[in-house]
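K.L.:
Next up, target-v6.csv (CSV, C-alpha atoms).
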chain,number,residue,atom,x,y,z
I,1,MET,CA,43.4,29.5,4.7
I,2,THR,CA,43.8,27.9,1.3
I,3,TYR,CA,41.0,26.9,-0.9
I,4,LYS,CA,41.9,23.2,-0.5
I,5,ILE,CA,41.8,23.3,3.3
I,6,ARG,CA,38.5,25.3,3.3
I,7,ARG,CA,37.0,22.7,1.0
I,8,VAL,CA,38.1,19.8,3.2
I,9,ILE,CA,36.6,21.5,6.3
I,10,ILE,CA,33.3,22.2,4.6
I,11,SER,CA,33.2,18.6,3.4
I,12,ARG,CA,33.8,17.2,6.8
I,13,MET,CA,31.2,19.5,8.4
I,14,VAL,CA,28.6,18.4,5.8
I,15,LEU,CA,29.5,14.8,6.4
I,16,THR,CA,29.2,15.2,10.1
I,17,LEU,CA,25.7,16.8,9.8
I,18,CYS,CA,24.6,14.0,7.5
I,19,ILE,CA,25.8,11.4,9.9
I,20,ILE,CA,24.1,13.1,12.8
I,21,SER,CA,20.8,13.4,10.8
I,22,ALA,CA,21.0,9.7,9.8
I,23,VAL,CA,21.6,8.6,13.4
I,24,CYS,CA,18.7,10.8,14.7
I,25,GLY,CA,16.4,9.3,12.0
I,26,ILE,CA,17.4,5.8,12.8
I,27,ALA,CA,17.1,6.4,16.5
I,28,PHE,CA,13.5,7.7,16.2
I,29,LEU,CA,12.7,4.7,13.9
I,30,PHE,CA,13.9,2.2,16.4
I,31,TRP,CA,12.2,4.1,19.2
I,32,ILE,CA,8.9,3.8,17.4
I,33,LEU,CA,9.5,0.1,16.6
I,34,PHE,CA,10.5,-0.6,20.2
I,35,VAL,CA,7.3,1.0,21.7
I,36,LEU,CA,5.2,-0.7,19.0
I,37,CYS,CA,6.6,-4.1,19.7
I,38,TYR,CA,6.7,-3.7,23.5
I,39,LYS,CA,3.1,-2.6,23.8
I,40,GLY,CA,1.7,-4.4,20.8
I,41,PHE,CA,3.2,-7.8,21.5
I,42,ALA,CA,2.2,-7.6,25.2
I,43,ALA,CA,-1.4,-7.0,24.2
I,44,LEU,CA,-1.6,-10.0,21.9
I,45,ASP,CA,-4.0,-12.7,23.0
I,46,ILE,CA,-5.7,-15.6,21.3
I,47,ASN,CA,-9.1,-13.9,21.9
I,48,ILE,CA,-8.0,-11.2,19.5
I,49,PHE,CA,-8.3,-13.7,16.6
I,50,LEU,CA,-11.3,-15.6,17.9
I,51,ASN,CA,-13.6,-12.9,19.3
I,52,ASN,CA,-15.3,-9.9,17.8
I,53,ALA,CA,-15.2,-6.4,19.3
I,54,ALA,CA,-16.7,-6.0,22.8
I,55,PRO,CA,-17.9,-2.9,24.7
I,56,ALA,CA,-15.4,-1.1,26.8
I,57,GLY,CA,-14.7,-2.8,30.2
I,58,ILE,CA,-15.9,-6.2,29.0
I,59,ASP,CA,-13.1,-8.8,29.0
I,60,GLY,CA,-12.5,-11.1,26.0
I,61,GLY,CA,-12.9,-8.5,23.3
I,62,GLY,CA,-11.1,-9.2,20.0
I,63,LEU,CA,-10.4,-8.0,16.5
I,64,LYS,CA,-11.8,-10.8,14.4
I,65,ASN,CA,-14.4,-8.6,12.7
I,66,ALA,CA,-11.7,-6.0,11.9
I,67,LEU,CA,-9.2,-8.6,10.6
I,68,ILE,CA,-11.8,-10.2,8.3
I,69,GLY,CA,-13.1,-6.9,7.2
I,70,GLN,CA,-9.6,-5.6,6.4
I,71,ALA,CA,-8.8,-8.8,4.5
I,72,MET,CA,-12.0,-8.4,2.4
I,73,LEU,CA,-11.3,-4.8,1.5
I,74,VAL,CA,-7.6,-5.5,0.6
I,75,PHE,CA,-8.5,-8.6,-1.4
I,76,PHE,CA,-11.2,-7.1,-3.5
I,77,ALA,CA,-9.2,-3.9,-4.1
I,78,SER,CA,-6.2,-6.0,-5.2
I,79,PHE,CA,-8.5,-8.2,-7.4
I,80,ALA,CA,-9.5,-5.1,-9.3
I,81,GLY,CA,-6.6,-2.7,-9.0
I,82,ILE,CA,-3.7,-4.9,-9.9
I,83,PRO,CA,-5.1,-6.1,-13.3
I,84,ILE,CA,-6.2,-2.6,-14.2
I,85,GLY,CA,-2.8,-1.2,-13.3
I,86,ILE,CA,-0.9,-3.9,-15.2
I,87,LEU,CA,-3.0,-3.4,-18.3
I,88,ALA,CA,-2.6,0.3,-18.2
I,89,GLY,CA,1.1,0.0,-17.7
I,90,THR,CA,1.3,-2.4,-20.6
I,91,PHE,CA,-0.5,0.2,-22.8
I,92,LEU,CA,1.9,2.9,-21.9
I,93,SER,CA,5.0,0.8,-22.5
I,94,GLU,CA,3.9,-1.3,-25.5
I,95,TYR,CA,1.5,0.9,-27.4
I,96,GLY,CA,1.6,4.5,-26.1
I,97,GLN,CA,5.4,4.6,-25.5
I,98,LYS,CA,6.5,8.3,-25.9
I,99,SER,CA,3.3,9.7,-27.3
I,100,LYS,CA,1.6,12.7,-25.8
I,101,ILE,CA,-1.3,10.8,-24.4
I,102,ALA,CA,1.1,8.3,-22.8
I,103,ASN,CA,3.2,11.0,-21.2
I,104,PHE,CA,0.0,12.8,-20.0
I,105,ILE,CA,-1.1,9.5,-18.3
I,106,ARG,CA,2.3,9.1,-16.7
I,107,ASP,CA,2.1,12.7,-15.3
I,108,ILE,CA,-1.4,12.1,-14.0
I,109,SER,CA,-0.3,8.8,-12.4
I,110,ASP,CA,2.6,10.6,-10.7
I,111,ILE,CA,0.3,13.2,-9.3
I,112,MET,CA,-2.1,10.5,-8.0
I,113,MET,CA,0.7,8.7,-6.3
I,114,SER,CA,1.8,11.8,-4.4
I,115,SER,CA,-1.7,13.1,-3.6
I,116,PRO,CA,-3.0,12.7,0.0
I,117,SER,CA,-5.2,9.6,0.4
I,118,ILE,CA,-7.8,11.6,2.3
I,119,VAL,CA,-8.4,13.5,-1.0
I,120,ILE,CA,-9.3,10.3,-2.7
I,121,GLY,CA,-11.5,9.3,0.2
I,122,ALA,CA,-13.4,12.6,-0.1
I,123,PHE,CA,-13.7,12.1,-3.8
I,124,VAL,CA,-15.2,8.6,-3.5
I,125,TYR,CA,-17.5,9.9,-0.7
I,126,ALA,CA,-18.8,12.5,-3.1
I,127,ILE,CA,-19.6,10.1,-5.9
I,128,LEU,CA,-20.4,6.8,-4.2
I,129,VAL,CA,-21.4,7.5,-0.5
I,130,HIS,CA,-23.3,10.8,-0.6
I,131,PRO,CA,-25.6,9.9,-3.5
I,132,VAL,CA,-26.5,6.5,-2.0
I,133,GLY,CA,-27.0,7.9,1.5
I,134,HIS,CA,-24.9,5.4,3.5
I,135,PHE,CA,-21.3,4.1,3.8
I,136,SER,CA,-20.4,0.8,2.2
I,137,GLY,CA,-17.6,-1.6,1.8
I,138,TRP,CA,-17.7,-1.2,-2.0
I,139,ALA,CA,-17.0,2.5,-1.6
I,140,GLY,CA,-13.9,1.6,0.6
I,141,ILE,CA,-12.8,-0.9,-2.1
I,142,ALA,CA,-13.2,1.8,-4.8
I,143,ALA,CA,-11.0,4.2,-2.8
I,144,LEU,CA,-8.3,1.6,-2.3
I,145,VAL,CA,-8.4,0.7,-6.0
I,146,ILE,CA,-7.8,4.3,-7.0
I,147,ILE,CA,-4.8,4.4,-4.7
I,148,MET,CA,-3.4,1.1,-6.1
I,149,ILE,CA,-3.7,1.7,-9.8
I,150,PRO,CA,-1.1,4.5,-10.2
I,151,ILE,CA,1.5,2.4,-8.2
I,152,VAL,CA,1.0,-0.7,-10.3
I,153,LEU,CA,0.8,1.3,-13.5
I,154,ARG,CA,4.1,3.1,-13.0
I,155,VAL,CA,6.0,0.0,-11.8
I,156,THR,CA,4.6,-2.1,-14.8
I,157,ASP,CA,5.5,0.7,-17.2
I,158,ASP,CA,9.1,0.9,-15.9
I,159,MET,CA,9.6,-2.8,-15.8
I,160,LEU,CA,8.3,-3.4,-19.3
I,161,THR,CA,10.5,-0.6,-20.6
I,162,LEU,CA,13.6,-2.4,-19.2
I,163,VAL,CA,12.9,-5.5,-21.4
I,164,PRO,CA,15.3,-5.2,-24.4
I,165,GLN,CA,13.7,-4.2,-27.6
I,166,THR,CA,15.7,-6.9,-29.4
I,167,LEU,CA,13.6,-9.6,-27.7
I,168,ARG,CA,10.4,-8.1,-29.1
I,169,GLU,CA,11.9,-7.9,-32.6
I,170,ALA,CA,13.1,-11.5,-32.4
I,171,ALA,CA,9.7,-12.8,-31.4
I,172,ALA,CA,8.0,-10.7,-34.1
I,173,ALA,CA,10.5,-12.1,-36.7
I,174,LEU,CA,9.4,-15.6,-35.8
I,175,GLY,CA,5.8,-14.6,-36.7
I,176,ALA,CA,4.4,-14.0,-33.2
I,177,SER,CA,1.5,-11.5,-33.1
I,178,ARG,CA,1.7,-8.4,-30.9
I,179,TYR,CA,-0.2,-9.7,-28.0
I,180,LYS,CA,1.7,-13.0,-28.0
I,181,VAL,CA,5.0,-11.1,-27.9
I,182,ILE,CA,3.7,-9.1,-24.9
I,183,ILE,CA,2.4,-12.2,-23.0
I,184,GLY,CA,5.1,-14.7,-24.0
I,185,VAL,CA,8.2,-12.5,-24.0
I,186,VAL,CA,7.7,-9.1,-22.4
I,187,TYR,CA,5.7,-10.3,-19.4
I,188,ARG,CA,8.2,-13.2,-18.8
I,189,GLY,CA,11.1,-10.8,-18.7
I,190,ALA,CA,9.4,-8.4,-16.3
I,191,LYS,CA,7.3,-10.7,-14.2
I,192,ILE,CA,9.5,-10.3,-11.1
I,193,GLY,CA,9.3,-6.5,-11.2
I,194,ILE,CA,5.6,-6.5,-11.8
I,195,LEU,CA,5.0,-8.9,-8.9
I,196,THR,CA,7.1,-6.7,-6.6
I,197,GLY,CA,5.1,-3.6,-7.7
I,198,ALA,CA,1.9,-5.4,-6.9
I,199,LEU,CA,3.1,-6.4,-3.5
I,200,LEU,CA,4.2,-2.8,-2.7
I,201,ALA,CA,0.7,-1.6,-3.8
I,202,VAL,CA,-0.9,-4.1,-1.5
I,203,ALA,CA,1.3,-3.0,1.4
I,204,ARG,CA,0.4,0.7,0.6
I,205,VAL,CA,-3.4,0.2,0.8
I,206,SER,CA,-3.2,-2.1,3.7
I,207,GLY,CA,-2.2,0.7,6.0
I,208,GLU,CA,-4.7,3.3,4.7
I,209,THR,CA,-7.1,4.8,7.3
I,210,ALA,CA,-8.3,8.2,6.0
I,211,PRO,CA,-10.0,7.0,2.8
I,212,LEU,CA,-11.9,4.3,4.7
I,213,LEU,CA,-13.2,6.8,7.2
I,214,PHE,CA,-15.0,8.5,4.3
I,215,THR,CA,-16.2,5.4,2.6
I,216,SER,CA,-16.5,2.1,4.4
I,217,PHE,CA,-16.5,3.9,7.8
I,218,ASN,CA,-16.5,1.1,10.4
I,219,ASN,CA,-18.6,-1.6,12.0
I,220,ASN,CA,-18.3,-2.8,15.6
I,221,PHE,CA,-20.0,-6.0,14.7
I,222,PHE,CA,-19.0,-8.9,12.4
I,223,SER,CA,-20.4,-8.3,9.0
I,224,MET,CA,-19.5,-9.5,5.5
I,225,ASP,CA,-22.1,-7.3,3.7
I,226,LEU,CA,-20.2,-5.0,1.5
I,227,ASN,CA,-23.3,-2.9,0.8
I,228,ALA,CA,-23.1,-1.7,4.4
I,229,PRO,CA,-20.4,-0.3,6.6
I,230,VAL,CA,-17.6,-2.8,7.1
I,231,SER,CA,-15.0,-2.9,9.9
I,232,SER,CA,-11.4,-2.5,9.1
I,233,LEU,CA,-8.2,-3.0,11.1
I,234,THR,CA,-6.9,0.5,10.4
I,235,VAL,CA,-10.0,2.4,11.4
I,236,THR,CA,-10.6,0.1,14.4
I,237,MET,CA,-7.0,0.8,15.5
I,238,PHE,CA,-7.6,4.6,15.2
I,239,ASN,CA,-10.8,4.4,17.2
I,240,TYR,CA,-9.3,2.2,19.9
I,241,ALA,CA,-6.0,4.1,20.2
I,242,THR,CA,-7.9,7.5,20.7
I,243,SER,CA,-10.4,6.1,23.1
I,244,PRO,CA,-10.2,6.8,26.9
I,245,TYR,CA,-10.6,3.1,27.8
I,246,ALA,CA,-7.5,1.1,28.7
I,247,ASP,CA,-8.7,-2.2,27.3
I,248,TRP,CA,-9.5,-0.6,23.9
I,249,GLN,CA,-6.1,1.2,23.9
I,250,SER,CA,-4.5,-2.2,24.4
I,251,LEU,CA,-6.4,-3.7,21.5
I,252,GLY,CA,-5.3,-0.6,19.5
I,253,TRP,CA,-1.7,-1.4,20.1
I,254,ALA,CA,-2.3,-5.0,19.2
I,255,ALA,CA,-3.9,-4.0,15.9
I,256,ALA,CA,-1.0,-1.6,15.1
I,257,PHE,CA,1.5,-4.5,15.8
I,258,LEU,CA,-0.4,-6.9,13.6
I,259,LEU,CA,-0.7,-4.4,10.8
I,260,SER,CA,3.0,-3.5,11.0
I,261,ILE,CA,4.0,-7.1,10.9
I,262,PHE,CA,1.8,-7.7,7.8
I,263,ILE,CA,3.2,-4.7,5.9
I,264,LEU,CA,6.8,-5.5,7.0
I,265,GLY,CA,6.3,-9.1,5.8
I,266,ILE,CA,5.1,-7.9,2.4
I,267,ASN,CA,8.0,-5.6,2.0
I,268,ILE,CA,10.5,-8.3,3.0
I,269,ILE,CA,9.0,-10.6,0.4
I,270,GLY,CA,9.3,-7.9,-2.2
I,271,ARG,CA,13.0,-7.4,-1.3
I,272,LEU,CA,13.7,-11.1,-1.5
I,273,ILE,CA,12.1,-11.3,-4.9
I,274,ILE,CA,14.3,-8.4,-6.2
I,275,LYS,CA,17.4,-10.0,-4.6
I,276,LYS,CA,16.6,-13.3,-6.3
I,277,ARG,CA,16.2,-11.6,-9.6
I,278,ARG,CA,19.6,-9.9,-9.3
Can you turn what I pasted into structure tokens?

P.N.:
Amino acid sequence: MTYKIRRVIISRMVLTLCIISAVCGIAFLFWILFVLCYKGFAALDINIFLNNAAPAGIDGGGLKNALIGQAMLVFFASFAGIPIGILAGTFLSEYGQKSKIANFIRDISDIMMSSPSIVIGAFVYAILVHPVGHFSGWAGIAALVIIMIPIVLRVTDDMLTLVPQTLREAAAALGASRYKVIIGVVYRGAKIGILTGALLAVARVSGETAPLLFTSFNNNFFSMDLNAPVSSLTVTMFNYATSPYADWQSLGWAAAFLLSIFILGINIIGRLIIKKRR
């Protein structure tokens, strides 16, 4: 067997294995989506949006408290995490650039992005929950903020780096100060990418469960007091899906379906924004 024939055979074998692996992965993905849509959509009811959680076996239970609690946690986390991430990314790109401190921050950010979220939850529990003596919504927000910042930071840094240096030099030549160049020129050129990164960060924290178990815990009653445990859709979904009661399991599937639709919608919006820019 010549070298050329052996190379062709090996190439076709590897290609076949890649195709089989891709088909298996896609098949499992569609299987998960089918089960989720089949059981989640069937469990949807208007009472889910109008009523709070009810004891097991009581008809009419809903997820209003969990939906509002999840919205509060994600909103306040985004309100704090996105600006901090954008400002930190701006420092790395415009001021730090290739300095040692900037590269060190980038490395730490990459490590934070890849670290398990439960580790962040345990860290926030140690510094905000244990000293106070009780769970709180603010602790859950702090955990989500820590998760969001590295994502927004890295995306902002990368997007600002893609803005041509000649635009900065042209604005500076016209007499614009450094901060005006950043706000009026650099941000304008990278706004689509920064917005996409912010949406991806929101989608990431919207599906987190482990850090909230350590921080905001959960609340079976409607409450908007962030100084106390706050219900969230992810933790409620976990509790209901693992319960032995059929009605709670049905609500768990509904929560999973709603959460998946929300995250899918955010990712689609991000894709459309990127496509529009191209």

K.L.:
Do you have the CA of Ile268 in chain I-CA of Val205 in chain I distance handy?

P.N.:
16.4 Å

K.L.:
Quote the spacing between CA of Asn51 in chain I and CA of Phe79 in chain I in Å to one decimal place.

P.N.:
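It comes out at 27.6 Å.
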
K.L.:
Figure out the distance between CA of Asn52 in chain I and CA of Leu212 in chain I, please, to one decimal in Å.

P.N.:
19.6 Å

K.L.:
Smallest atom-to-atom distance to Thr215 in chain I: which of I:Tyr125, I:Phe238, I:Tyr245, I:Tyr179, using all atoms listed in the file?

P.N.:
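Closest candidate: I:Tyr125.
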
K.L.:
Return the single residue from I:Val235, I:Ala71, I:Ala77, I:Ile82 that is closest to Phe262 in chain I, with distances computed using all atoms listed in the file.

P.N.:
I:Ala71

K.L.:
Check the smallest atom-to-atom distance from each of I:Gly89, I:Gly252, I:Gly175, I:Gly40 to Met159 in chain I using only C-alpha atoms, then report the winner.

P.N.:
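Checking each candidate against Met159 in chain I, we get I:Gly89 as the closest.
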
K.L.:
Report as a PDB file with C-alpha atoms, in the frame of the given file all protein, DNA and RNA residues lying within 10 Å of Asn65 in chain I, evaluated on only C-alpha atoms, omitting residues in the same chain fewer than 5 positions from it.

P.N.:
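Saved file out-v9.pdb follows:
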ATOM      1  CA  ILE I  48      -8.000 -11.200  19.500  1.00  0.00           C
ATOM      2  CA  PHE I  49      -8.300 -13.700  16.600  1.00  0.00           C
ATOM      3  CA  LEU I  50     -11.300 -15.600  17.900  1.00  0.00           C
ATOM      4  CA  ASN I  51     -13.600 -12.900  19.300  1.00  0.00           C
ATOM      5  CA  ASN I  52     -15.300  -9.900  17.800  1.00  0.00           C
ATOM      6  CA  ALA I  53     -15.200  -6.400  19.300  1.00  0.00           C
ATOM      7  CA  GLN I  70      -9.600  -5.600   6.400  1.00  0.00           C
ATOM      8  CA  ALA I  71      -8.800  -8.800   4.500  1.00  0.00           C
ATOM      9  CA  ASN I 219     -18.600  -1.600  12.000  1.00  0.00           C
ATOM     10  CA  ASN I 220     -18.300  -2.800  15.600  1.00  0.00           C
ATOM     11  CA  PHE I 221     -20.000  -6.000  14.700  1.00  0.00           C
ATOM     12  CA  PHE I 222     -19.000  -8.900  12.400  1.00  0.00           C
ATOM     13  CA  SER I 223     -20.400  -8.300   9.000  1.00  0.00           C
ATOM     14  CA  MET I 224     -19.500  -9.500   5.500  1.00  0.00           C
ATOM     15  CA  VAL I 230     -17.600  -2.800   7.100  1.00  0.00           C
ATOM     16  CA  SER I 231     -15.000  -2.900   9.900  1.00  0.00           C
ATOM     17  CA  SER I 232     -11.400  -2.500   9.100  1.00  0.00           C
ATOM     18  CA  LEU I 233      -8.200  -3.000  11.100  1.00  0.00           C
ATOM     19  CA  THR I 236     -10.600   0.100  14.400  1.00  0.00           C
TER      20      THR I 236
END

K.L.:
Determine the nearest neighbour of Ile118 in chain I from the options I:Phe135, I:Phe104, I:Phe214, I:Phe76, counting all atoms listed in the file.

P.N.:
I:Phe214

K.L.:
Lys275 in chain I: which residues within 12 Å, counting all atoms listed in the file, same-chain residues fewer than 3 positions away excluded, as a VMD selection string?

P.N.:
chain I and resid 192 to 193 196 268 to 272 278

K.L.:
Would you kindly return, as a list in words, each protein, DNA or RNA residue with an atom no farther than 9 Å from any atom of Gly57 in chain I, considering only C-alpha atoms and excluding same-chain residues fewer than 4 positions away?

P.N.:
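Close residues of Gly57 in chain I: Tyr245, Ala246, Asp247 and Trp248 of chain I.
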